[in-house]
Amino acid sequence: MNLLPVIDQATDDACCISAGPPALGAEEAKQKALVFKALADPNRLRLLSIVKAESSGESCVCDLTDPLDLGQPTVSHHLKILVEAGLLHREKRGTWAYYSLVPGALDDAAGILANL
């Protein structure tokens, strides 16, 4: 009596056919992962929400340390990551830096998952 399942060789071979190149290339995946790494920190999420809620559409770095109860170097580090991820735009004015949302950046971030 044979207790092992019978495997149809034609069916078994068909499951191993390559589906073609990946829809998301390695470099593109690396770039998109930067966005999610930037968003994976609670302080960075709070910074984004503060900048977004500002009626002028921008926030001075000098106004971002108190709400987070963090030091200026730490806030600047988080802001740098958000800028590098393409979520915030930085504009230097004298000794201060002002941050604003990159237009469409949050919609693009939401669309990354939808387009996988």
# chains A, B, ... in the order shown; residues from 1 in each chain; ligands from 1
$ select_by_dssp --residues "region 19-93 of chain A" --states "helix (DSSP H, G or I)" --output "MDAnalysis selection string"
chainID A and resid 26:39 42:53 61:63 65:68 72:84
$ residues_around --residues "Leu113 (chain A)" --least-positions-apart "3" --cutoff "12 Å" --atoms "only C-alpha atoms" --output "ChimeraX atom specification"
/A:24,29,32-33,35-36,107-110,116
$ write_last_selection --atoms "N, CA, C and O atoms" --output "compact mmCIF listing (two decimals), in the first residue's frame"
# COMPACT_ATOMS: atom_id res chain seq x y z
N LEU A 24 9.11 45.13 -8.20
CA LEU A 24 9.83 46.18 -7.48
C LEU A 24 11.30 45.81 -7.46
O LEU A 24 11.68 44.81 -6.85
N ALA A 29 13.09 49.40 -4.16
CA ALA A 29 12.64 48.93 -2.85
C ALA A 29 13.44 49.59 -1.74
O ALA A 29 12.88 49.97 -0.70
N LYS A 32 12.15 53.17 -1.34
CA LYS A 32 10.82 53.21 -0.71
C LYS A 32 10.88 52.81 0.75
O LYS A 32 10.12 53.32 1.58
N ALA A 33 11.82 51.93 1.10
CA ALA A 33 11.98 51.52 2.49
C ALA A 33 12.44 52.68 3.36
O ALA A 33 12.11 52.74 4.55
N VAL A 35 11.36 55.63 3.26
CA VAL A 35 10.14 56.34 3.69
C VAL A 35 9.55 55.65 4.91
O VAL A 35 9.22 56.29 5.91
N PHE A 36 9.45 54.32 4.85
CA PHE A 36 8.84 53.60 5.97
C PHE A 36 9.74 53.60 7.20
O PHE A 36 9.25 53.65 8.33
N ASP A 107 0.75 61.35 0.31
CA ASP A 107 -0.06 60.53 -0.60
C ASP A 107 0.81 59.49 -1.30
O ASP A 107 0.38 58.34 -1.47
N ASP A 108 2.02 59.88 -1.68
CA ASP A 108 2.94 58.93 -2.31
C ASP A 108 3.29 57.80 -1.35
O ASP A 108 3.36 56.63 -1.75
N ALA A 109 3.53 58.16 -0.08
CA ALA A 109 3.86 57.14 0.91
C ALA A 109 2.71 56.16 1.09
O ALA A 109 2.91 54.95 1.17
N ALA A 110 1.50 56.67 1.11
CA ALA A 110 0.32 55.80 1.25
C ALA A 110 0.18 54.92 0.00
O ALA A 110 -0.25 53.76 0.08
N LEU A 116 2.11 47.82 -4.62
CA LEU A 116 3.04 46.68 -4.59
C LEU A 116 2.56 45.56 -5.48
O LEU A 116 1.46 45.28 -5.69
$ closest_residue --among "A:Leu79, A:Gly86, A:Gly104, A:Arg46" --to "Pro67 (chain A)" --atoms "only C-alpha atoms"
A:Arg46
$ residues_around --residues "Ala105 (chain A)" --least-positions-apart "5" --cutoff "12 Å" --atoms "only C-alpha atoms" --output "PDB file with N, CA, C and O atoms, in the first residue's frame"
ATOM      1  N   LYS A  32      12.146  53.165  -1.337  1.00  0.00           N
ATOM      2  CA  LYS A  32      10.818  53.209  -0.715  1.00  0.00           C
ATOM      3  C   LYS A  32      10.881  52.811   0.755  1.00  0.00           C
ATOM      4  O   LYS A  32      10.120  53.315   1.576  1.00  0.00           O
ATOM      5  N   VAL A  35      11.355  55.632   3.264  1.00  0.00           N
ATOM      6  CA  VAL A  35      10.142  56.336   3.690  1.00  0.00           C
ATOM      7  C   VAL A  35       9.546  55.647   4.911  1.00  0.00           C
ATOM      8  O   VAL A  35       9.219  56.292   5.910  1.00  0.00           O
ATOM      9  N   LEU A  39       9.081  56.876   8.801  1.00  0.00           N
ATOM     10  CA  LEU A  39       7.760  56.927   9.433  1.00  0.00           C
ATOM     11  C   LEU A  39       7.639  55.996  10.638  1.00  0.00           C
ATOM     12  O   LEU A  39       6.675  56.090  11.389  1.00  0.00           O
ATOM     13  N   LEU A  48       6.007  65.320  11.711  1.00  0.00           N
ATOM     14  CA  LEU A  48       5.210  65.470  10.483  1.00  0.00           C
ATOM     15  C   LEU A  48       3.849  66.072  10.792  1.00  0.00           C
ATOM     16  O   LEU A  48       3.376  66.958  10.084  1.00  0.00           O
ATOM     17  N   LYS A  52       2.502  69.620   9.425  1.00  0.00           N
ATOM     18  CA  LYS A  52       1.294  69.590   8.601  1.00  0.00           C
ATOM     19  C   LYS A  52       0.192  70.470   9.196  1.00  0.00           C
ATOM     20  O   LYS A  52      -0.555  71.122   8.471  1.00  0.00           O
ATOM     21  N   LEU A  82      13.676  62.794   7.872  1.00  0.00           N
ATOM     22  CA  LEU A  82      12.442  63.071   7.132  1.00  0.00           C
ATOM     23  C   LEU A  82      12.728  63.785   5.814  1.00  0.00           C
ATOM     24  O   LEU A  82      12.062  63.521   4.804  1.00  0.00           O
ATOM     25  N   VAL A  83      13.720  64.652   5.805  1.00  0.00           N
ATOM     26  CA  VAL A  83      14.114  65.335   4.568  1.00  0.00           C
ATOM     27  C   VAL A  83      14.724  64.325   3.602  1.00  0.00           C
ATOM     28  O   VAL A  83      14.379  64.290   2.409  1.00  0.00           O
ATOM     29  N   ALA A  85      14.198  61.224   3.379  1.00  0.00           N
ATOM     30  CA  ALA A  85      13.166  60.304   2.905  1.00  0.00           C
ATOM     31  C   ALA A  85      12.227  60.978   1.909  1.00  0.00           C
ATOM     32  O   ALA A  85      11.360  60.328   1.335  1.00  0.00           O
ATOM     33  N   GLY A  86      12.383  62.289   1.715  1.00  0.00           N
ATOM     34  CA  GLY A  86      11.552  63.004   0.761  1.00  0.00           C
ATOM     35  C   GLY A  86      10.202  63.424   1.298  1.00  0.00           C
ATOM     36  O   GLY A  86       9.301  63.758   0.531  1.00  0.00           O
ATOM     37  N   LEU A  87      10.053  63.433   2.616  1.00  0.00           N
ATOM     38  CA  LEU A  87       8.773  63.795   3.222  1.00  0.00           C
ATOM     39  C   LEU A  87       8.702  65.280   3.583  1.00  0.00           C
ATOM     40  O   LEU A  87       7.630  65.880   3.535  1.00  0.00           O
ATOM     41  N   LEU A  88       9.831  65.846   3.970  1.00  0.00           N
ATOM     42  CA  LEU A  88       9.883  67.265   4.334  1.00  0.00           C
ATOM     43  C   LEU A  88      10.878  68.001   3.443  1.00  0.00           C
ATOM     44  O   LEU A  88      11.857  67.424   2.970  1.00  0.00           O
ATOM     45  N   HIS A  89      10.591  69.282   3.264  1.00  0.00           N
ATOM     46  CA  HIS A  89      11.485  70.189   2.548  1.00  0.00           C
ATOM     47  C   HIS A  89      12.101  71.114   3.587  1.00  0.00           C
ATOM     48  O   HIS A  89      11.418  71.573   4.506  1.00  0.00           O
ATOM     49  N   SER A 100       8.736  72.243   5.685  1.00  0.00           N
ATOM     50  CA  SER A 100       7.379  72.120   5.150  1.00  0.00           C
ATOM     51  C   SER A 100       7.242  70.744   4.511  1.00  0.00           C
ATOM     52  O   SER A 100       8.240  70.104   4.145  1.00  0.00           O
ATOM     53  N   ALA A 110       1.497  56.672   1.115  1.00  0.00           N
ATOM     54  CA  ALA A 110       0.324  55.795   1.248  1.00  0.00           C
ATOM     55  C   ALA A 110       0.178  54.919  -0.003  1.00  0.00           C
ATOM     56  O   ALA A 110      -0.248  53.764   0.084  1.00  0.00           O
ATOM     57  N   GLY A 111       0.527  55.465  -1.155  1.00  0.00           N
ATOM     58  CA  GLY A 111       0.395  54.724  -2.397  1.00  0.00           C
ATOM     59  C   GLY A 111       1.437  53.638  -2.592  1.00  0.00           C
ATOM     60  O   GLY A 111       1.239  52.729  -3.409  1.00  0.00           O
ATOM     61  N   ILE A 112       2.526  53.685  -1.864  1.00  0.00           N
ATOM     62  CA  ILE A 112       3.565  52.660  -2.021  1.00  0.00           C
ATOM     63  C   ILE A 112       2.977  51.279  -1.777  1.00  0.00           C
ATOM     64  O   ILE A 112       3.184  50.345  -2.559  1.00  0.00           O
TER      65      ILE A 112
END
$ closest_residue --among "A:Cys60, A:Gly71, A:Leu47, A:Ala114" --to "Thr95 (chain A)" --atoms "only C-alpha atoms"
A:Cys60
$ closest_residue --among "A:Asn115, A:Arg44, A:Val102, A:Gly57" --to "Leu70 (chain A)" --atoms "only C-alpha atoms"
A:Arg44
$ closest_residue --among "A:Pro103, A:Ser59, A:Pro73, A:Ile81" --to "Ala40 (chain A)" --atoms "only C-alpha atoms"
A:Ile81
$ closest_residue --among "A:Leu34, A:Ala23, A:Ala97, A:Leu106" --to "Leu64 (chain A)" --atoms "only C-alpha atoms"
A:Ala97
$ atom_distance --atom1 "CA of Ser56 (chain A)" --atom2 "CA of Tyr98 (chain A)"
11.0 Å
